[in-house]
>>> print(open('final-v3.cif').read())   # mmCIF, C-alpha atoms and all ligand atoms
data_structure
#
loop_
_atom_site.label_atom_id
_atom_site.label_comp_id
_atom_site.auth_asym_id
_atom_site.auth_seq_id
_atom_site.Cartn_x
_atom_site.Cartn_y
_atom_site.Cartn_z
CA MET A 985 127.42 35.37 -0.53
CA GLN A 986 130.48 36.72 1.30
CA ARG A 987 128.47 39.79 2.32
CA ILE A 988 125.67 37.61 3.71
CA LEU A 989 128.21 35.60 5.74
CA ILE A 990 129.77 38.78 7.20
CA PHE A 991 126.31 40.08 8.05
CA LEU A 992 125.31 36.81 9.74
CA SER A 993 128.56 36.70 11.80
CA LEU A 994 127.95 40.26 12.92
CA VAL A 995 124.40 39.42 14.06
CA LEU A 996 125.72 36.33 15.87
CA PHE A 997 128.47 38.37 17.55
CA LEU A 998 126.04 41.04 18.74
CA ALA A 999 123.59 38.44 20.05
CA CYS A 1000 126.38 36.67 22.01
CA LYS A 1001 127.57 39.98 23.44
CA GLU A 1002 124.06 40.83 24.64
CA GLN A 1003 123.70 37.38 26.18
CA LEU A 1004 127.04 37.74 27.99
CA LYS A 1005 125.98 41.15 29.34
CA GLU A 1006 122.70 39.76 30.61
CA THR A 1007 124.48 36.85 32.33
CA ALA A 1008 126.93 39.25 33.95
CA GLU A 1009 124.11 41.49 35.18
CA ALA A 1010 122.19 38.48 36.43
CA SER A 1011 125.17 37.21 38.38
CA ILE A 1012 125.66 40.65 39.98
CA VAL A 1013 122.00 40.63 41.05
CA ASP A 1014 122.36 37.03 42.28
CA THR A 1015 125.36 37.94 44.40
CA LYS A 1016 123.50 40.88 45.88
CA GLU A 1017 120.45 38.78 46.61
CA GLU A 1018 122.61 36.12 48.15
CA VAL A 1019 124.22 38.69 50.44
CA GLN A 1020 120.79 40.00 51.39
CA LYS A 1021 119.39 36.52 51.99
CA THR A 1022 122.26 35.14 54.02
CA GLY A 1023 123.29 38.41 55.63
CA ASP A 1024 121.35 38.10 58.86
CA SER A 1025 124.13 39.82 60.70
CA PHE A 1026 122.70 43.01 62.14
CA GLY A 1027 123.24 44.84 65.38
CA ILE A 1028 122.73 48.00 67.38
CA VAL A 1029 124.59 49.94 70.05
CA ILE A 1030 123.59 53.01 72.08
CA HIS A 1031 124.94 55.45 74.65
CA GLY A 1032 123.28 57.77 77.12
CA GLY A 1033 126.33 59.88 77.88
CA ALA A 1034 129.69 59.45 79.59
CA GLY A 1035 131.27 61.19 82.57
CA THR A 1036 131.87 60.98 86.28
CA ILE A 1037 129.37 58.20 86.77
CA LEU A 1038 130.36 56.37 89.95
CA LYS A 1039 128.55 53.53 91.66
CA GLU A 1040 128.95 55.21 95.05
CA ASN A 1041 126.97 58.23 93.81
CA MET A 1042 124.14 56.12 92.41
CA THR A 1043 121.07 54.75 94.19
CA PRO A 1044 119.85 51.27 93.20
CA GLU A 1045 116.58 52.86 92.00
CA LYS A 1046 118.37 55.34 89.77
CA GLU A 1047 120.63 52.65 88.37
CA ALA A 1048 117.62 50.45 87.62
CA ALA A 1049 115.80 53.37 85.94
CA TYR A 1050 118.76 54.08 83.63
CA LYS A 1051 119.17 50.42 82.73
CA ALA A 1052 115.46 49.99 82.07
CA LYS A 1053 115.36 53.02 79.74
CA LEU A 1054 118.46 51.92 77.85
CA GLU A 1055 116.92 48.47 77.45
CA GLU A 1056 113.56 49.87 76.30
CA ALA A 1057 115.27 52.10 73.73
CA ILE A 1058 117.61 49.48 72.27
CA LYS A 1059 114.80 46.96 71.94
CA VAL A 1060 112.85 49.40 69.80
CA GLY A 1061 115.75 49.67 67.36
CA HIS A 1062 116.51 45.97 67.51
CA THR A 1063 112.92 45.06 66.61
CA ILE A 1064 113.03 47.39 63.60
CA LEU A 1065 116.25 45.76 62.39
CA LYS A 1066 115.00 42.24 63.07
CA ASN A 1067 111.92 42.93 60.95
CA GLY A 1068 114.08 44.08 58.06
CA GLY A 1069 113.83 47.84 58.72
CA THR A 1070 116.66 50.22 57.85
CA SER A 1071 119.46 51.26 60.15
CA MET A 1072 118.38 54.90 59.63
CA GLU A 1073 114.93 54.13 60.97
CA ALA A 1074 116.31 52.12 63.90
CA VAL A 1075 118.68 54.94 64.87
CA GLU A 1076 115.95 57.60 64.74
CA LYS A 1077 113.32 55.63 66.67
CA THR A 1078 115.79 54.44 69.31
CA ILE A 1079 117.00 57.98 69.91
CA ASN A 1080 113.38 59.19 70.20
CA ILE A 1081 112.89 57.00 73.30
CA LEU A 1082 115.99 58.50 74.93
CA GLU A 1083 115.05 62.05 73.89
CA ASP A 1084 111.63 61.64 75.50
CA SER A 1085 113.13 60.52 78.82
CA PRO A 1086 114.17 63.17 81.40
CA LEU A 1087 117.05 60.89 82.45
CA PHE A 1088 119.24 61.96 79.53
CA ASN A 1089 120.61 65.26 78.29
CA ALA A 1090 118.66 65.28 75.03
CA GLY A 1091 115.12 66.37 74.19
CA LYS A 1092 113.22 66.36 77.52
CA GLY A 1093 115.99 66.50 80.11
CA ALA A 1094 118.33 68.74 78.11
CA VAL A 1095 120.74 70.85 80.16
CA PHE A 1096 120.36 74.62 80.56
CA THR A 1097 122.39 77.37 78.95
CA ASN A 1098 123.84 80.25 80.94
CA GLU A 1099 120.66 82.22 80.14
CA GLY A 1100 118.50 79.46 81.64
CA ILE A 1101 117.09 78.12 78.38
CA ASN A 1102 117.55 74.88 76.42
CA GLU A 1103 119.27 74.77 73.05
CA LEU A 1104 119.34 71.40 71.37
CA ASP A 1105 121.69 69.89 68.77
CA ALA A 1106 121.42 66.66 66.77
CA SER A 1107 122.79 64.89 63.70
CA ILE A 1108 122.26 61.72 61.71
CA MET A 1109 124.24 60.03 58.92
CA ASP A 1110 123.45 57.32 56.40
CA GLY A 1111 126.47 55.09 55.77
CA LYS A 1112 125.14 53.84 52.45
CA THR A 1113 124.92 57.22 50.70
CA LEU A 1114 127.07 59.36 53.03
CA ASN A 1115 124.09 61.68 53.24
CA ALA A 1116 123.77 63.51 56.51
CA GLY A 1117 121.56 66.00 58.32
CA ALA A 1118 122.11 68.14 61.40
CA VAL A 1119 120.49 70.88 63.49
CA ALA A 1120 122.00 73.18 66.09
CA GLY A 1121 120.60 75.51 68.72
CA VAL A 1122 116.91 74.65 68.32
CA ARG A 1123 114.62 75.57 71.21
CA THR A 1124 111.18 74.23 70.34
CA ILE A 1125 111.67 70.93 68.51
CA LYS A 1126 110.50 67.97 70.60
CA ASN A 1127 112.74 65.45 68.84
CA PRO A 1128 115.75 67.14 67.24
CA ILE A 1129 116.95 63.86 65.68
CA ASN A 1130 113.79 63.79 63.55
CA LEU A 1131 114.56 67.30 62.33
CA ALA A 1132 118.14 66.29 61.51
CA ARG A 1133 116.78 63.45 59.36
CA GLU A 1134 114.31 65.81 57.74
CA VAL A 1135 117.16 68.20 56.85
CA MET A 1136 118.97 65.28 55.24
CA LEU A 1137 115.97 64.03 53.27
CA ASN A 1138 114.05 67.17 52.38
CA SER A 1139 116.47 70.07 52.13
CA PRO A 1140 119.49 70.68 49.93
CA HIS A 1141 121.58 71.28 53.07
CA VAL A 1142 123.38 69.26 55.71
CA MET A 1143 123.09 71.59 58.70
CA LEU A 1144 120.52 74.16 59.82
CA SER A 1145 120.59 76.25 62.97
CA GLY A 1146 118.43 78.38 65.27
CA LYS A 1147 115.36 80.14 63.93
CA GLY A 1148 115.82 78.95 60.37
CA ALA A 1149 115.90 75.34 61.50
CA GLU A 1150 112.69 75.91 63.48
CA GLN A 1151 111.00 77.53 60.48
CA PHE A 1152 111.97 74.51 58.38
CA ALA A 1153 110.57 72.21 61.10
CA GLU A 1154 107.23 74.03 60.96
CA GLU A 1155 107.13 73.77 57.18
CA ARG A 1156 107.84 70.03 57.42
CA LYS A 1157 105.17 69.66 60.14
CA LEU A 1158 107.46 68.31 62.83
CA GLU A 1159 106.29 68.33 66.44
CA ILE A 1160 106.86 71.76 67.98
CA VAL A 1161 106.64 72.27 71.75
CA ASP A 1162 106.64 75.21 74.13
CA PRO A 1163 110.22 75.74 75.38
CA LYS A 1164 108.89 75.00 78.90
CA TYR A 1165 108.53 71.37 77.83
CA PHE A 1166 112.29 70.96 78.26
CA TYR A 1167 112.34 72.19 81.88
CA THR A 1168 113.43 69.62 84.47
CA GLU A 1169 114.22 70.53 88.06
CA ASP A 1170 117.44 68.52 88.28
CA ARG A 1171 118.95 70.19 85.23
CA PHE A 1172 117.94 73.65 86.42
CA LYS A 1173 119.52 72.99 89.82
CA ALA A 1174 122.70 71.87 88.05
CA LEU A 1175 122.86 75.24 86.30
CA GLU A 1176 122.30 77.14 89.56
CA LYS A 1177 125.05 75.14 91.23
CA ILE A 1178 127.55 75.96 88.49
CA LYS A 1179 126.59 79.63 88.59
CA GLU A 1180 127.39 79.82 92.30
CA LYS A 1181 130.99 79.42 91.20
CA PRO A 1182 132.30 82.42 89.31
CA ASP A 1183 133.05 82.02 85.62
CA HIS A 1184 136.68 82.16 84.77
CA PRO A 1185 137.53 85.58 83.25
CA ASP A 1186 139.38 83.99 80.37
CA ALA A 1187 136.49 82.61 78.36
CA LYS A 1188 138.82 81.77 75.49
CA SER A 1189 140.13 78.81 77.38
CA ALA A 1190 137.58 76.04 77.29
CA THR A 1191 139.38 74.36 80.17
CA SER A 1192 138.94 77.24 82.54
CA PHE A 1193 135.49 78.18 81.28
CA TYR A 1194 133.99 74.77 81.82
CA ASP A 1195 136.20 73.83 84.72
CA PRO A 1196 133.55 73.95 87.46
CA MET A 1197 131.30 71.57 85.57
CA ILE A 1198 133.92 69.31 84.07
CA LYS A 1199 135.25 68.08 87.42
CA ASN A 1200 132.00 66.43 88.26
CA SER A 1201 130.42 66.28 84.90
CA LYS A 1202 128.11 63.80 83.30
CA PHE A 1203 127.67 64.19 79.59
CA GLY A 1204 124.15 62.80 79.19
CA THR A 1205 124.01 63.07 75.40
CA VAL A 1206 122.37 60.14 73.61
CA GLY A 1207 123.47 58.30 70.50
CA CYS A 1208 122.89 55.20 68.45
CA ALA A 1209 124.72 53.27 65.72
CA ALA A 1210 123.16 50.40 63.79
CA LEU A 1211 123.83 47.86 61.06
CA ASP A 1212 120.79 46.52 59.19
CA LYS A 1213 120.21 43.22 57.38
CA ASN A 1214 121.16 44.82 54.07
CA GLY A 1215 124.59 45.76 55.37
CA ASN A 1216 123.77 49.46 55.72
CA LEU A 1217 125.18 51.44 58.62
CA ALA A 1218 123.75 54.58 60.25
CA ALA A 1219 124.55 56.71 63.28
CA GLY A 1220 122.84 59.54 65.14
CA THR A 1221 123.42 61.78 68.16
CA SER A 1222 121.14 64.14 70.10
CA THR A 1223 122.00 66.50 72.97
CA GLY A 1224 121.25 69.57 75.03
CA GLY A 1225 125.00 70.35 74.91
CA MET A 1226 126.84 71.41 78.06
CA THR A 1227 125.37 73.07 81.16
CA ASN A 1228 126.04 76.83 81.34
CA LYS A 1229 127.01 77.08 77.67
CA LYS A 1230 126.99 80.65 76.35
CA TRP A 1231 126.86 82.61 73.12
CA ASN A 1232 124.93 79.95 71.19
CA ARG A 1233 127.81 77.56 71.73
CA ILE A 1234 127.58 74.47 69.53
CA GLY A 1235 129.34 71.24 70.52
CA ASP A 1236 130.38 68.19 68.56
CA SER A 1237 127.04 66.39 68.52
CA PRO A 1238 125.67 68.08 65.38
CA ILE A 1239 129.07 68.13 63.65
CA ILE A 1240 129.36 65.35 61.08
CA GLY A 1241 132.77 63.73 61.58
CA ALA A 1242 133.06 64.80 65.23
CA GLY A 1243 129.86 63.71 66.99
CA THR A 1244 128.44 61.42 64.31
CA TYR A 1245 129.79 59.50 61.34
CA ALA A 1246 128.71 56.51 59.24
CA ASN A 1247 130.22 54.85 56.20
CA ASN A 1248 129.25 51.40 54.91
CA ASN A 1249 132.91 50.67 54.11
CA THR A 1250 133.96 51.08 57.72
CA CYS A 1251 131.69 51.82 60.68
CA ALA A 1252 129.01 54.01 62.29
CA VAL A 1253 129.97 56.11 65.34
CA SER A 1254 128.25 58.36 67.89
CA SER A 1255 130.26 60.40 70.41
CA THR A 1256 129.62 61.86 73.84
CA GLY A 1257 131.89 64.03 75.92
CA TRP A 1258 133.52 67.40 76.07
CA GLY A 1259 132.51 68.66 72.65
CA GLU A 1260 135.29 71.17 72.05
CA TYR A 1261 137.82 68.34 72.16
CA PHE A 1262 135.72 65.99 70.05
CA ILE A 1263 135.53 68.64 67.34
CA ARG A 1264 139.28 69.26 67.39
CA ALA A 1265 140.07 65.53 67.32
CA MET A 1266 137.36 64.82 64.69
CA VAL A 1267 136.72 61.73 66.76
CA ALA A 1268 134.00 59.92 64.80
CA HIS A 1269 135.58 60.35 61.36
CA ASP A 1270 139.04 59.59 62.68
CA ILE A 1271 137.90 56.13 63.78
CA SER A 1272 136.45 55.47 60.34
CA ALA A 1273 139.60 56.82 58.65
CA LEU A 1274 141.89 54.56 60.66
CA MET A 1275 139.82 51.59 59.51
CA GLU A 1276 139.71 52.74 55.90
CA TYR A 1277 143.28 53.87 55.35
CA LYS A 1278 145.22 51.84 57.94
CA GLU A 1279 142.98 48.79 57.88
CA LEU A 1280 142.71 48.73 61.66
CA SER A 1281 139.86 46.87 63.35
CA LEU A 1282 137.05 48.95 64.85
CA GLN A 1283 138.26 48.22 68.39
CA GLU A 1284 141.87 49.18 67.56
CA ALA A 1285 140.76 52.40 65.88
CA ALA A 1286 138.40 53.36 68.71
CA SER A 1287 140.95 52.82 71.45
CA ILE A 1288 143.66 54.80 69.61
CA VAL A 1289 141.34 57.76 69.09
CA ILE A 1290 139.80 57.79 72.59
CA GLN A 1291 142.60 56.52 74.83
CA LYS A 1292 145.47 58.15 72.98
CA LYS A 1293 144.51 61.06 70.73
CA LEU A 1294 141.59 62.48 72.74
CA THR A 1295 143.17 61.78 76.13
CA GLU A 1296 146.49 63.40 75.16
CA LEU A 1297 144.60 66.51 74.01
CA GLY A 1298 142.93 66.66 77.45
CA GLY A 1299 139.45 65.67 76.28
CA THR A 1300 137.06 63.39 78.15
CA GLY A 1301 134.20 61.21 76.94
CA GLY A 1302 133.58 58.20 74.77
CA ILE A 1303 132.02 56.64 71.70
CA ILE A 1304 129.83 53.75 70.71
CA ALA A 1305 130.30 52.23 67.25
CA ILE A 1306 129.43 49.27 65.06
CA ASP A 1307 131.27 48.13 61.95
CA HIS A 1308 130.09 46.65 58.65
CA GLU A 1309 130.49 43.14 60.08
CA GLY A 1310 128.48 43.85 63.21
CA ASN A 1311 131.45 44.18 65.59
CA VAL A 1312 130.79 46.70 68.35
CA ALA A 1313 133.06 49.11 70.27
CA MET A 1314 132.13 51.06 73.42
CA GLU A 1315 135.23 53.03 74.36
CA PHE A 1316 135.52 55.84 76.95
CA ASN A 1317 138.13 57.50 79.16
CA THR A 1318 135.71 58.65 81.87
CA ALA A 1319 134.57 56.78 85.00
CA GLY A 1320 131.48 55.53 83.21
CA MET A 1321 129.29 55.63 80.13
CA TYR A 1322 125.63 54.61 79.93
CA ARG A 1323 125.63 52.05 77.15
CA ALA A 1324 123.89 49.01 75.68
CA THR A 1325 124.24 46.74 72.70
CA MET A 1326 122.19 43.96 71.09
CA ASN A 1327 123.33 41.54 68.41
CA ALA A 1328 121.46 39.59 65.73
CA SER A 1329 120.72 36.70 68.07
CA GLY A 1330 119.11 39.07 70.55
CA LYS A 1331 121.88 39.05 73.17
CA LEU A 1332 121.55 42.23 75.23
CA THR A 1333 124.43 43.83 77.14
CA VAL A 1334 123.90 46.91 79.33
CA GLY A 1335 126.64 48.79 81.19
CA ILE A 1336 127.18 51.95 83.20
CA TYR A 1337 130.55 51.82 84.97
CA LYS A 1338 134.01 50.87 83.84
CA GLU A 1339 133.42 47.12 84.17
CA ALA A 1340 134.24 44.81 81.24
CA LEU A 1341 130.98 43.64 79.69
N1 LIG B 1401 129.25 66.30 73.43
C1 LIG B 1401 128.22 67.14 73.94
C2 LIG B 1401 128.59 68.58 73.73
O1 LIG B 1401 129.73 68.93 73.89
C3 LIG B 1401 127.95 66.93 75.39
C4 LIG B 1401 127.67 65.53 75.78
O2 LIG B 1401 128.17 64.60 75.16
O3 LIG B 1401 126.92 65.34 76.74
O4 LIG B 1401 127.73 69.36 73.43
#
>>> encode(input="final-v3.cif", output="structure tokens")
Amino acid sequence: MQRILIFLSLVLFLACKEQLKETAEASIVDTKEEVQKTGDSFGIVIHGGAGTILKENMTPEKEAAYKAKLEEAIKVGHTILKNGGTSMEAVEKTINILEDSPLFNAGKGAVFTNEGINELDASIMDGKTLNAGAVAGVRTIKNPINLAREVMLNSPHVMLSGKGAEQFAEERKLEIVDPKYFYTEDRFKALEKIKEKPDHPDAKSATSFYDPMIKNSKFGTVGCAALDKNGNLAAGTSTGGMTNKKWNRIGDSPIIGAGTYANNNTCAVSSTGWGEYFIRAMVAHDISALMEYKELSLQEAASIVIQKKLTELGGTGGIIAIDHEGNVAMEFNTAGMYRATMNASGKLTVGIYKEAL
């Protein structure tokens, strides 16, 4: 009899334990679903490069063309997010619009190297998984951001470069173009203009090497950061690098942590500016780290990194970023930065110069 009682209590205990586990699991799922149902807070922010962008050097037509393209691009990403798409998809498709436009230094419209060719860099990062993909120095890939995402999803690596990256692109059936596709007259003229001025003999010093172009430079790189309805962050950046670059120089744009960073716990960031400085200051990751370890707000972190750390180093440029709550930062220490943002209610803000938006 005693044995039967012990056996029955054991069965009862196990059954209760199982029930408790199921309830706990159910409540975890409920919480998640609740977050997904009520979490309609999403948003997107983009840049089309920073630099010496002054109103007095701009025609009304040019200004309107830049604003229209920024608006077209951000609306593509916003629609994806509004329809429940992922931040990764929104970032990629938004950047594609900017890459396909000759207005920006990415894809069509990329700047020329010292040898008179175009070498493109791009990177993308998923804040949910911390997965990332990047490509550097590719010459025939129409949309380098797509290849960066492909590297992330379908290779065991984070970063591919040059010929190998192009071979991988062919294997993955990405769109390949003749290098001539990237030719634009304005960018070629910009290279010729820089070459009229002699290169500084001391190529080790980035300051002197890039000096002729920095004084009047526009960094037309493009980037996007997005938060989707499921609370997932993503960021991406695509560029032709810097005019007159030599020796297969690679800037910050394809460097995870410098040009691009995303982490669901903090924020998603895309940088634009003088790449050598952005690499040394680890700009994008630094902003995330200040939020994670010092519990600063996105705006506080962004202004410390851009206005203090980067500026004191001598670097120029800016970032766009969005945090896990949908707050946006657009911080730069140059005269202007092409930028736009759209929130969950569809409010669009577009800016070029240093004005408060
Ligand atoms: N950051 C890019 C680079 O150094 C340039 C840019 O932002 O336009 O390659």
>>> closest_residue(input="final-v3.cif", among="A:Ala1285, A:Ile1160, A:Ala1106, A:Ile1101", to="ligand LIG 1401 (chain B)", atoms="all atoms listed in the file")
A:Ala1106
>>> closest_residue(input="final-v3.cif", among="A:Ser1237, A:Asn1214, A:Asn1041, A:Thr1063", to="Ala1120 in chain A", atoms="all atoms listed in the file")
A:Ser1237
>>> residues_around(input="final-v3.cif", residues="Ser1025 in chain A", least_positions_apart="6", cutoff="9 Å", atoms="all atoms listed in the file", output="PyMOL selection string")
chain A and resi 1211-1215+1309-1310+1327-1329
>>> write_last_selection(input="final-v3.cif", atoms="C-alpha atoms", output="PDB file, in the coordinates of the input")
ATOM      1  CA  LEU A1211     123.830  47.860  61.060  1.00  0.00           C
ATOM      2  CA  ASP A1212     120.790  46.520  59.190  1.00  0.00           C
ATOM      3  CA  LYS A1213     120.210  43.220  57.380  1.00  0.00           C
ATOM      4  CA  ASN A1214     121.160  44.820  54.070  1.00  0.00           C
ATOM      5  CA  GLY A1215     124.590  45.760  55.370  1.00  0.00           C
ATOM      6  CA  GLU A1309     130.490  43.140  60.080  1.00  0.00           C
ATOM      7  CA  GLY A1310     128.480  43.850  63.210  1.00  0.00           C
ATOM      8  CA  ASN A1327     123.330  41.540  68.410  1.00  0.00           C
ATOM      9  CA  ALA A1328     121.460  39.590  65.730  1.00  0.00           C
ATOM     10  CA  SER A1329     120.720  36.700  68.070  1.00  0.00           C
TER      11      SER A1329
END
>>> closest_atom_pairs(input="final-v3.cif", of="chain A", to="ligand LIG 1401 (chain B)", cutoff="6 Å", atoms="all atoms listed in the file", output="tab-separated table")
residue	atom	partner	partner_atom	distance
A:Gly1033	CA	B:LIG1401	O3	5.6
A:Phe1203	CA	B:LIG1401	O3	3.2
A:Gly1204	CA	B:LIG1401	O3	4.5
A:Thr1205	CA	B:LIG1401	O3	3.9
A:Gly1225	CA	B:LIG1401	O4	3.3
A:Met1226	CA	B:LIG1401	O4	5.1
A:Gly1235	CA	B:LIG1401	O4	3.8
A:Asp1236	CA	B:LIG1401	N1	5.3
A:Ser1237	CA	B:LIG1401	N1	5.4
A:Thr1256	CA	B:LIG1401	O2	3.4
A:Gly1257	CA	B:LIG1401	O2	3.8
A:Trp1258	CA	B:LIG1401	O1	4.6
A:Gly1259	CA	B:LIG1401	O1	3.1
>>> residues_near_point(input="final-v3.cif", point="(139.0, 59.2, 64.3)", cutoff="9 Å", atoms="all atoms listed in the file", output="compact mmCIF listing (two decimals) with C-alpha atoms, in the coordinates of the input")
# COMPACT_ATOMS: atom_id res chain seq x y z
CA GLY A 1241 132.77 63.73 61.58
CA ALA A 1242 133.06 64.80 65.23
CA ALA A 1265 140.07 65.53 67.32
CA MET A 1266 137.36 64.82 64.69
CA VAL A 1267 136.72 61.73 66.76
CA ALA A 1268 134.00 59.92 64.80
CA HIS A 1269 135.58 60.35 61.36
CA ASP A 1270 139.04 59.59 62.68
CA ILE A 1271 137.90 56.13 63.78
CA SER A 1272 136.45 55.47 60.34
CA ALA A 1273 139.60 56.82 58.65
CA LEU A 1274 141.89 54.56 60.66
CA ALA A 1285 140.76 52.40 65.88
CA ALA A 1286 138.40 53.36 68.71
CA ILE A 1288 143.66 54.80 69.61
CA VAL A 1289 141.34 57.76 69.09
CA ILE A 1290 139.80 57.79 72.59
CA LYS A 1293 144.51 61.06 70.73
